[in-house]
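As stored in data-v1.cif (mmCIF, C-alpha atoms):
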data_input
#
loop_
_atom_site.label_atom_id
_atom_site.label_comp_id
_atom_site.auth_asym_id
_atom_site.auth_seq_id
_atom_site.Cartn_x
_atom_site.Cartn_y
_atom_site.Cartn_z
CA MET M 1 -6.31 -22.83 -0.37
CA ALA M 2 -6.23 -24.73 -3.67
CA ASN M 3 -3.49 -27.06 -4.83
CA PRO M 4 -0.46 -25.34 -6.37
CA ASP M 5 -0.45 -25.40 -10.18
CA ALA M 6 2.72 -27.15 -11.41
CA ALA M 7 2.79 -25.34 -14.74
CA ALA M 8 2.34 -21.97 -13.04
CA LEU M 9 5.08 -22.83 -10.55
CA ALA M 10 7.47 -23.65 -13.39
CA ALA M 11 6.58 -20.40 -15.15
CA ALA M 12 7.09 -18.42 -11.94
CA LYS M 13 10.54 -19.93 -11.43
CA SER M 14 11.59 -19.11 -14.98
CA ARG M 15 11.13 -15.34 -14.78
CA ALA M 16 12.43 -12.42 -12.71
CA TRP M 17 10.21 -10.69 -10.17
CA PHE M 18 10.21 -7.52 -8.10
CA TYR M 19 9.84 -9.72 -4.99
CA GLU M 20 11.42 -12.87 -3.60
CA PHE M 21 8.34 -15.07 -3.33
CA GLU M 22 8.71 -18.22 -1.24
CA LEU M 23 7.52 -21.12 -3.40
CA PRO M 24 5.88 -24.42 -2.40
CA ASP M 25 8.98 -26.46 -3.31
CA GLY M 26 11.16 -24.54 -0.84
CA THR M 27 12.81 -22.28 -3.42
CA SER M 28 12.30 -18.56 -3.97
CA THR M 29 11.75 -16.47 -7.07
CA ARG M 30 14.60 -14.50 -8.59
CA ALA M 31 14.29 -10.77 -7.88
CA ASP M 32 15.62 -8.13 -10.27
CA ILE M 33 16.12 -5.28 -7.80
CA PRO M 34 19.24 -4.48 -5.75
CA ARG M 35 19.89 -6.82 -2.81
CA ASP M 36 20.12 -3.86 -0.44
CA VAL M 37 16.51 -2.92 -1.22
CA LEU M 38 14.94 -6.36 -0.82
CA PRO M 39 14.67 -6.21 3.01
CA ILE M 40 12.02 -3.50 2.77
CA HIS M 41 9.50 -6.03 1.41
CA LYS M 42 9.81 -8.36 4.40
CA ASN M 43 9.89 -5.40 6.78
CA ARG M 44 6.58 -4.12 5.40
CA ARG M 45 5.15 -7.64 5.53
CA ASP M 46 6.23 -8.14 9.14
CA VAL M 47 4.52 -4.91 10.17
CA LEU M 48 1.37 -5.90 8.28
CA ILE M 49 1.26 -9.25 10.09
CA ARG M 50 1.84 -7.54 13.44
CA VAL M 51 -0.92 -4.99 12.84
CA ILE M 52 -3.41 -7.69 11.84
CA LYS M 53 -2.62 -9.79 14.90
CA GLU M 54 -2.78 -6.84 17.29
CA LYS M 55 -5.58 -4.76 15.76
CA VAL M 56 -7.76 -7.13 13.70
CA PRO M 57 -8.32 -10.30 15.75
CA ASP M 58 -11.41 -11.23 13.70
CA ALA M 59 -9.63 -10.92 10.34
CA ALA M 60 -10.54 -14.46 9.22
CA ALA M 61 -14.19 -13.36 8.88
CA LEU M 62 -13.37 -10.04 7.18
CA THR M 63 -12.35 -8.70 3.77
CA ALA M 64 -9.39 -6.61 2.60
CA ILE M 65 -8.34 -4.45 -0.35
CA ASP M 66 -4.75 -4.03 -1.50
CA PHE M 67 -4.23 -0.67 -3.26
CA ALA M 68 -1.56 -0.92 -5.99
CA SER M 69 -1.25 -4.67 -5.57
CA HIS M 70 1.65 -4.95 -8.05
CA GLU M 71 2.81 -8.59 -8.37
CA GLY M 72 0.69 -9.70 -5.43
CA TRP M 73 3.23 -9.91 -2.60
CA TYR M 74 1.03 -8.16 -0.01
CA SER M 75 -2.36 -9.29 -1.28
CA ILE M 76 -1.12 -12.87 -0.96
CA GLU M 77 -0.07 -12.15 2.62
CA LEU M 78 -3.48 -10.61 3.27
CA SER M 79 -5.08 -13.79 1.90
CA ARG M 80 -3.51 -15.77 4.73
CA HIS M 81 -5.42 -13.71 7.29
CA PHE M 82 -8.62 -12.43 5.64
CA ARG M 83 -11.58 -14.26 4.17
CA ARG M 84 -11.38 -12.48 0.81
CA VAL M 85 -8.93 -10.02 -0.76
CA LEU M 86 -9.21 -7.69 -3.75
CA GLY M 87 -6.06 -6.33 -5.38
CA LEU M 88 -6.32 -3.10 -7.40
CA GLU M 89 -3.51 -2.43 -9.87
CA ILE M 90 -3.09 -0.17 -12.90
CA ARG M 91 -0.64 -2.31 -14.93
CA PRO M 92 -2.03 -5.35 -16.77
CA GLU M 93 1.40 -7.00 -16.76
CA SER M 94 1.57 -6.78 -12.96
CA ILE M 95 -1.93 -8.26 -12.67
CA ALA M 96 -0.91 -11.11 -14.97
CA ALA M 97 2.14 -11.75 -12.78
CA ALA M 98 0.03 -11.73 -9.61
CA ARG M 99 -2.47 -14.14 -11.11
CA LEU M 100 0.36 -16.44 -12.13
CA MET M 101 1.72 -16.36 -8.59
CA ILE M 102 -1.57 -17.19 -6.88
CA ARG M 103 -1.91 -20.20 -9.18
CA ALA M 104 1.65 -21.24 -8.38
CA LEU M 105 0.95 -20.96 -4.64
CA GLY M 106 -2.56 -22.37 -4.71
CA VAL M 107 -4.19 -19.20 -3.34
CA ASP M 108 -7.90 -19.08 -4.16
CA ASN M 109 -9.29 -16.16 -2.14
CA VAL M 110 -7.70 -13.23 -4.01
CA ASP M 111 -9.11 -11.39 -7.02
CA TYR M 112 -7.35 -8.72 -9.07
CA ARG M 113 -8.84 -5.81 -10.96
CA GLU M 114 -7.26 -3.23 -13.24
CA ALA M 115 -7.83 0.27 -11.87
CA ASP M 116 -6.31 3.75 -11.96
CA LEU M 117 -6.54 4.73 -8.31
CA GLN M 118 -6.25 8.42 -9.18
CA ARG M 119 -9.50 8.21 -11.16
CA LEU M 120 -11.47 5.40 -9.54
CA SER M 121 -14.66 6.30 -7.65
CA GLU M 122 -15.95 4.55 -4.56
CA SER M 123 -19.11 3.46 -6.41
CA GLU M 124 -17.03 1.22 -8.67
CA ILE M 125 -15.54 -0.94 -5.91
CA PRO M 126 -17.14 -2.64 -2.91
CA GLY M 127 -15.80 -1.58 0.47
CA ALA M 128 -13.72 -3.79 2.74
CA ASP M 129 -12.97 -4.05 6.42
CA PHE M 130 -9.23 -3.44 5.94
CA VAL M 131 -7.50 -1.36 3.26
CA LEU M 132 -3.77 -1.57 2.61
CA VAL M 133 -1.98 1.34 0.88
CA TYR M 134 1.66 0.33 0.61
CA GLY M 135 4.27 2.14 -1.48
CA LEU M 136 1.78 4.22 -3.44
CA LEU M 137 1.11 7.79 -2.26
CA TYR M 138 4.53 9.14 -3.23
CA HIS M 139 3.98 8.10 -6.86
CA LEU M 140 0.74 10.05 -7.31
CA GLU M 141 -0.12 13.40 -8.85
CA ASN M 142 -3.38 13.32 -6.90
CA PRO M 143 -2.64 11.54 -3.62
CA ILE M 144 -5.54 13.23 -1.80
CA HIS M 145 -8.10 11.64 -4.13
CA THR M 146 -6.52 8.23 -3.63
CA LEU M 147 -6.31 8.55 0.14
CA ARG M 148 -9.92 9.78 0.27
CA LEU M 149 -10.95 6.78 -1.85
CA ALA M 150 -9.07 4.35 0.38
CA SER M 151 -10.64 5.94 3.45
CA LYS M 152 -14.16 5.67 2.05
CA LEU M 153 -13.66 2.04 1.08
CA ALA M 154 -12.19 1.13 4.48
CA ARG M 155 -15.04 0.17 6.79
CA LYS M 156 -12.76 -0.02 9.82
CA HIS M 157 -8.98 -0.28 9.32
CA ILE M 158 -6.34 1.32 7.10
CA LEU M 159 -2.60 0.74 6.97
CA ILE M 160 -0.41 3.09 4.93
CA GLU M 161 3.26 2.93 4.03
CA THR M 162 4.77 5.86 2.21
CA GLN M 163 7.86 7.90 1.71
CA VAL M 164 7.33 11.35 3.14
CA PHE M 165 8.54 14.88 2.58
CA PRO M 166 11.00 15.11 5.49
CA TYR M 167 9.74 18.36 7.07
CA ASP M 168 6.50 18.91 8.94
CA VAL M 169 5.56 22.51 8.12
CA THR M 170 3.00 24.21 10.34
CA GLY M 171 1.81 27.77 10.88
CA ARG M 172 -0.80 30.01 9.31
CA ILE M 173 -1.36 31.34 5.80
CA GLU M 174 -3.37 34.37 4.72
CA ASP M 175 -6.74 33.70 3.10
CA GLY M 176 -8.43 36.69 1.50
CA TYR M 177 -6.77 39.36 3.62
CA TYR M 178 -4.31 39.51 6.49
CA LEU M 179 -6.87 39.13 9.31
CA GLN M 180 -8.37 36.03 7.72
CA GLN M 181 -5.98 33.10 7.98
CA ARG M 182 -5.97 29.32 7.83
CA SER M 183 -3.76 26.79 9.60
CA VAL M 184 -1.21 24.83 7.59
CA GLN M 185 -1.82 21.13 8.27
CA GLY M 186 0.93 19.69 6.06
CA VAL M 187 2.72 20.07 2.76
CA PHE M 188 3.40 18.13 -0.44
CA SER M 189 6.68 18.25 -2.33
CA LEU M 190 6.59 18.14 -6.12
CA SER M 191 8.75 15.57 -7.91
CA ALA M 192 8.91 13.96 -11.32
CA ASP M 193 7.60 10.40 -11.44
CA TYR M 194 7.93 7.66 -14.06
CA SER M 195 4.71 6.31 -15.50
CA HIS M 196 6.67 4.27 -18.05
CA HIS M 197 8.28 2.23 -15.26
CA ARG M 198 6.90 -0.85 -13.52
CA GLU M 199 6.91 0.88 -10.12
CA GLY M 200 5.80 4.33 -11.27
CA GLY M 201 2.45 6.06 -10.97
CA SER M 202 -0.08 6.70 -13.72
CA THR M 203 1.35 10.15 -14.55
CA ASP M 204 4.82 11.68 -14.57
CA LEU M 205 4.24 13.96 -11.59
CA ALA M 206 4.12 13.11 -7.90
CA LEU M 207 3.16 15.05 -4.80
CA VAL M 208 4.96 13.50 -1.83
CA PRO M 209 3.14 14.20 1.47
CA SER M 210 4.63 15.23 4.76
CA LEU M 211 3.77 13.03 7.72
CA ASN M 212 1.50 15.64 9.30
CA ALA M 213 -0.38 15.90 5.97
CA VAL M 214 -1.08 12.15 6.00
CA LEU M 215 -2.26 12.21 9.61
CA PHE M 216 -4.46 15.27 9.06
CA LEU M 217 -6.08 13.72 5.99
CA LEU M 218 -6.84 10.46 7.80
CA ARG M 219 -8.52 12.36 10.62
CA THR M 220 -10.42 14.47 8.08
CA PHE M 221 -11.56 11.32 6.27
CA GLY M 222 -13.10 9.74 9.34
CA PHE M 223 -10.45 7.83 11.28
CA ALA M 224 -10.95 8.33 14.99
CA GLU M 225 -7.51 7.06 15.92
CA THR M 226 -4.32 7.38 13.90
CA GLY M 227 -0.76 6.61 14.77
CA VAL M 228 2.71 6.13 13.37
CA ILE M 229 4.13 2.66 13.89
CA ALA M 230 7.49 3.17 15.55
CA PRO M 231 10.44 1.56 13.76
CA ARG M 232 12.43 -1.18 15.44
CA PRO M 233 16.24 -1.17 15.63
CA ASP M 234 16.62 -3.73 12.82
CA ASP M 235 14.04 -2.21 10.47
CA TYR M 236 14.87 -1.01 6.96
CA GLU M 237 17.03 2.11 7.14
CA GLN M 238 14.45 4.48 5.64
CA PHE M 239 12.01 3.64 8.45
CA ARG M 240 14.69 4.25 11.06
CA ARG M 241 15.51 7.64 9.55
CA GLY M 242 11.86 8.69 9.16
CA SER M 243 11.99 9.23 5.39
CA ARG M 244 9.51 6.38 5.08
CA VAL M 245 6.66 5.79 7.55
CA LEU M 246 3.92 3.30 8.41
CA VAL M 247 0.63 4.78 9.62
CA TYR M 248 -2.37 2.90 10.99
CA GLY M 249 -5.87 4.28 11.34
CA VAL M 250 -9.12 2.90 12.72
CA LYS M 251 -12.67 4.19 12.44
CA PRO M 252 -15.12 4.35 15.37
#
Show me, as structure tokens, the structure contained in the file I just sent.
Amino acid sequence: MANPDAAALAAAKSRAWFYEFELPDGTSTRADIPRDVLPIHKNRRDVLIRVIKEKVPDAAALTAIDFASHEGWYSIELSRHFRRVLGLEIRPESIAAARLMIRALGVDNVDYREADLQRLSESEIPGADFVLVYGLLYHLENPIHTLRLASKLARKHILIETQVFPYDVTGRIEDGYYLQQRSVQGVFSLSADYSHHREGGSTDLALVPSLNAVLFLLRTFGFAETGVIAPRPDDYEQFRRGSRVLVYGVKP
């Protein structure tokens, strides 16, 4: 850790954020989202901390990547546990905010890079031991590419948080003619997205996966063990209802 930058701290306190960052002087940043939504950020963070402690005991010697790092809330949390963290984010203004925050907090083991995760190839980014994919898949026109990319970059661990299409559809579908069929492993619902918005994807279309689609893809992409992290009674309401899920995977 480096010393907090006083000028950066003052700048951080003067603006509105998507998150309530806890600052070195005991205050918090001002968030510009509804108060009812704010608990999801701490809920996600608490699960991340729990997964690291339970599944990644050697994290201090390892590296991590934060997909869609936004203003840096989760990459900064990762920095407290991992040796080095890389945040990947499409919006320059979000990267600028994250860089301001790490200066304000004195965090010196996080780097940020501008990247469209629907177009990025694995050859452009070094792999990491742990890959975090929070709040992203349901904003993407091509979520399979992004999940494949995250899976290739993850040497061992992946943790995903996503809204899901609420129905797990299974069965068989004809392929060529009626005696030749394939199993349905999941579905994606089609929705409009909002690329013009701070929290939107890079296009204006989104394919939202079902839970069984996410689990099938992780197994297909090389994770030997996958599992849904069960919500606790005081978790954010979307987790309790199953419209939003947290999924962990580990490679052999």
Report as lines of an AutoDock Vina configuration file the centre and the edge lengths, in Å to one decimal, of the axis-aligned box holding every listed atom of stretch 243-249 of chain M, padded by 3 Å on each side.
center_x = 3.1
center_y = 6.1
center_z = 8.2
size_x = 23.9
size_y = 12.3
size_z = 12.3
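The smallest atom-to-atom distance between M:Ala8 and any of M:Leu23, M:Glu161, M:Asp32, M:Glu89, using all atoms listed in the file, is found for M:Leu23.
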Could you give me, as a PyMOL selection string, the residues within 7 Å of stretch 114-123 of chain M, counting only C-alpha atoms and dropping anything in the same chain fewer than 6 positions from it? chain M and resi 88-92+142+145-146+149+152-153
Return as a VMD selection string the set of residues that the PyMOL selection byres ((chain M and resi 63) around 12) yields on the displayed structure. chain M and resid 56 58 to 62 64 to 66 75 78 to 87 109 to 111 126 to 132 153 to 157
Neighbour residues at most 10 Å from (1.5, -8.0, 7.5) (all atoms listed in the file) as a PDB file with C-alpha atoms, in the frame of the given file:
ATOM      1  CA  LYS M  42       9.810  -8.360   4.400  1.00  0.00           C
ATOM      2  CA  ASN M  43       9.890  -5.400   6.780  1.00  0.00           C
ATOM      3  CA  ARG M  44       6.580  -4.120   5.400  1.00  0.00           C
ATOM      4  CA  ARG M  45       5.150  -7.640   5.530  1.00  0.00           C
ATOM      5  CA  ASP M  46       6.230  -8.140   9.140  1.00  0.00           C
ATOM      6  CA  VAL M  47       4.520  -4.910  10.170  1.00  0.00           C
ATOM      7  CA  LEU M  48       1.370  -5.900   8.280  1.00  0.00           C
ATOM      8  CA  ILE M  49       1.260  -9.250  10.090  1.00  0.00           C
ATOM      9  CA  ARG M  50       1.840  -7.540  13.440  1.00  0.00           C
ATOM     10  CA  VAL M  51      -0.920  -4.990  12.840  1.00  0.00           C
ATOM     11  CA  ILE M  52      -3.410  -7.690  11.840  1.00  0.00           C
ATOM     12  CA  LYS M  53      -2.620  -9.790  14.900  1.00  0.00           C
ATOM     13  CA  TYR M  74       1.030  -8.160  -0.010  1.00  0.00           C
ATOM     14  CA  SER M  75      -2.360  -9.290  -1.280  1.00  0.00           C
ATOM     15  CA  GLU M  77      -0.070 -12.150   2.620  1.00  0.00           C
ATOM     16  CA  LEU M  78      -3.480 -10.610   3.270  1.00  0.00           C
ATOM     17  CA  ARG M  80      -3.510 -15.770   4.730  1.00  0.00           C
ATOM     18  CA  HIS M  81      -5.420 -13.710   7.290  1.00  0.00           C
ATOM     19  CA  LEU M 132      -3.770  -1.570   2.610  1.00  0.00           C
ATOM     20  CA  LEU M 159      -2.600   0.740   6.970  1.00  0.00           C
TER      21      LEU M 159
END
Selection result of the PyMOL selection byres ((chain M and resi 70) around 8) on this file, as a short mmCIF file (atom, residue, chain, number, x, y, z; two decimals) with C-alpha atoms, in the frame of the given file:
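Below you can see expr01.cif, which holds the result:
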data_model
loop_
_atom_site.label_atom_id
_atom_site.label_comp_id
_atom_site.auth_asym_id
_atom_site.auth_seq_id
_atom_site.Cartn_x
_atom_site.Cartn_y
_atom_site.Cartn_z
CA ALA M 68 -1.56 -0.92 -5.99
CA SER M 69 -1.25 -4.67 -5.57
CA GLU M 71 2.81 -8.59 -8.37
CA GLY M 72 0.69 -9.70 -5.43
CA TRP M 73 3.23 -9.91 -2.60
CA GLU M 89 -3.51 -2.43 -9.87
CA ARG M 91 -0.64 -2.31 -14.93
CA SER M 94 1.57 -6.78 -12.96
CA ILE M 95 -1.93 -8.26 -12.67
CA ALA M 98 0.03 -11.73 -9.61
#
Just so the selection is clear, what residues does the PyMOL selection byres ((chain M and resi 138) around 7) cover here, as a ChimeraX atom specification? /M:136-137,139-140,162-163,206-208
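The space separating atom CA of M:Leu246 from atom CA of M:Thr226 comes to 10.7 Å.
With distances restricted to all atoms listed in the file, M:Pro4 is the closest residue to M:Leu105 from M:Pro57, M:Pro4, M:Pro143, M:Gly186.
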Please determine, counting all atoms listed in the file, which residue among M:Ile158, M:Val228, M:Ala11, M:Ala16 has the shortest atom-to-atom distance to M:Arg99. M:Ala11
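One distance worth recording is that between atom CA of M:Leu218 and atom CA of M:Ser151, which is 7.3 Å.
Proximity of M:Leu100, M:Val37, M:Leu9, M:Ala150 to M:Tyr112, computed with only C-alpha atoms, is greatest for M:Leu100.
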Save stretch 18-47 of chain M of the structure in the block above to a file, with N, CA and C atoms included, as a short mmCIF file (atom, residue, chain, number, x, y, z; two decimals), in the first residue's frame.
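What landed in result-v9.cif:
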data_model
loop_
_atom_site.label_atom_id
_atom_site.label_comp_id
_atom_site.auth_asym_id
_atom_site.auth_seq_id
_atom_site.Cartn_x
_atom_site.Cartn_y
_atom_site.Cartn_z
N PHE M 18 -20.93 5.62 -8.18
CA PHE M 18 -21.89 4.52 -8.23
C PHE M 18 -21.85 3.75 -6.91
N TYR M 19 -20.73 3.82 -6.21
CA TYR M 19 -20.49 3.05 -4.98
C TYR M 19 -20.28 3.98 -3.78
N GLU M 20 -20.49 3.44 -2.60
CA GLU M 20 -20.13 4.13 -1.36
C GLU M 20 -18.75 3.62 -0.91
N PHE M 21 -17.70 4.25 -1.40
CA PHE M 21 -16.36 3.87 -1.00
C PHE M 21 -16.08 4.39 0.41
N GLU M 22 -15.45 3.54 1.22
CA GLU M 22 -15.02 3.97 2.55
C GLU M 22 -13.64 4.62 2.41
N LEU M 23 -13.52 5.86 2.86
CA LEU M 23 -12.33 6.66 2.65
C LEU M 23 -11.42 6.66 3.88
N PRO M 24 -10.14 6.99 3.69
CA PRO M 24 -9.18 6.92 4.80
C PRO M 24 -9.51 7.82 5.98
N ASP M 25 -10.28 8.90 5.76
CA ASP M 25 -10.59 9.81 6.86
C ASP M 25 -11.86 9.41 7.61
N GLY M 26 -12.39 8.22 7.32
CA GLY M 26 -13.58 7.73 8.01
C GLY M 26 -14.89 8.09 7.36
N THR M 27 -14.87 8.88 6.30
CA THR M 27 -16.08 9.23 5.58
C THR M 27 -16.30 8.25 4.42
N SER M 28 -17.40 8.42 3.72
CA SER M 28 -17.70 7.60 2.55
C SER M 28 -18.07 8.51 1.39
N THR M 29 -17.87 8.01 0.18
CA THR M 29 -18.26 8.77 -0.99
C THR M 29 -19.78 8.85 -1.10
N ARG M 30 -20.23 9.83 -1.84
CA ARG M 30 -21.67 10.03 -2.08
C ARG M 30 -22.07 9.23 -3.31
N ALA M 31 -23.04 8.32 -3.15
CA ALA M 31 -23.50 7.49 -4.25
C ALA M 31 -24.73 8.11 -4.90
N ASP M 32 -24.85 7.94 -6.22
CA ASP M 32 -25.96 8.54 -6.95
C ASP M 32 -26.96 7.50 -7.45
N ILE M 33 -27.06 6.38 -6.76
CA ILE M 33 -28.05 5.36 -7.10
C ILE M 33 -29.02 5.22 -5.93
N PRO M 34 -30.20 4.62 -6.15
CA PRO M 34 -31.18 4.52 -5.08
C PRO M 34 -30.64 3.79 -3.84
N ARG M 35 -31.03 4.25 -2.67
CA ARG M 35 -30.55 3.64 -1.42
C ARG M 35 -30.91 2.17 -1.34
N ASP M 36 -32.05 1.79 -1.90
CA ASP M 36 -32.48 0.39 -1.82
C ASP M 36 -31.57 -0.54 -2.61
N VAL M 37 -30.83 0.01 -3.57
CA VAL M 37 -29.97 -0.82 -4.42
C VAL M 37 -28.57 -0.96 -3.82
N LEU M 38 -28.14 0.00 -3.04
CA LEU M 38 -26.77 0.01 -2.52
C LEU M 38 -26.35 -1.27 -1.80
N PRO M 39 -27.24 -1.95 -1.05
CA PRO M 39 -26.79 -3.16 -0.34
C PRO M 39 -26.22 -4.25 -1.23
N ILE M 40 -26.58 -4.25 -2.52
CA ILE M 40 -26.07 -5.31 -3.39
C ILE M 40 -24.55 -5.25 -3.49
N HIS M 41 -23.98 -4.05 -3.45
CA HIS M 41 -22.52 -3.92 -3.58
C HIS M 41 -21.80 -4.60 -2.42
N LYS M 42 -22.25 -4.35 -1.22
CA LYS M 42 -21.62 -4.97 -0.04
C LYS M 42 -21.90 -6.46 0.01
N ASN M 43 -23.09 -6.87 -0.45
CA ASN M 43 -23.43 -8.29 -0.50
C ASN M 43 -22.47 -9.03 -1.44
N ARG M 44 -22.27 -8.49 -2.62
CA ARG M 44 -21.32 -9.08 -3.56
C ARG M 44 -19.91 -9.12 -2.96
N ARG M 45 -19.51 -8.02 -2.33
CA ARG M 45 -18.18 -7.95 -1.73
C ARG M 45 -18.02 -8.98 -0.63
N ASP M 46 -19.04 -9.15 0.21
CA ASP M 46 -18.96 -10.12 1.30
C ASP M 46 -18.79 -11.54 0.76
N VAL M 47 -19.50 -11.85 -0.31
CA VAL M 47 -19.36 -13.18 -0.92
C VAL M 47 -17.97 -13.35 -1.51
#
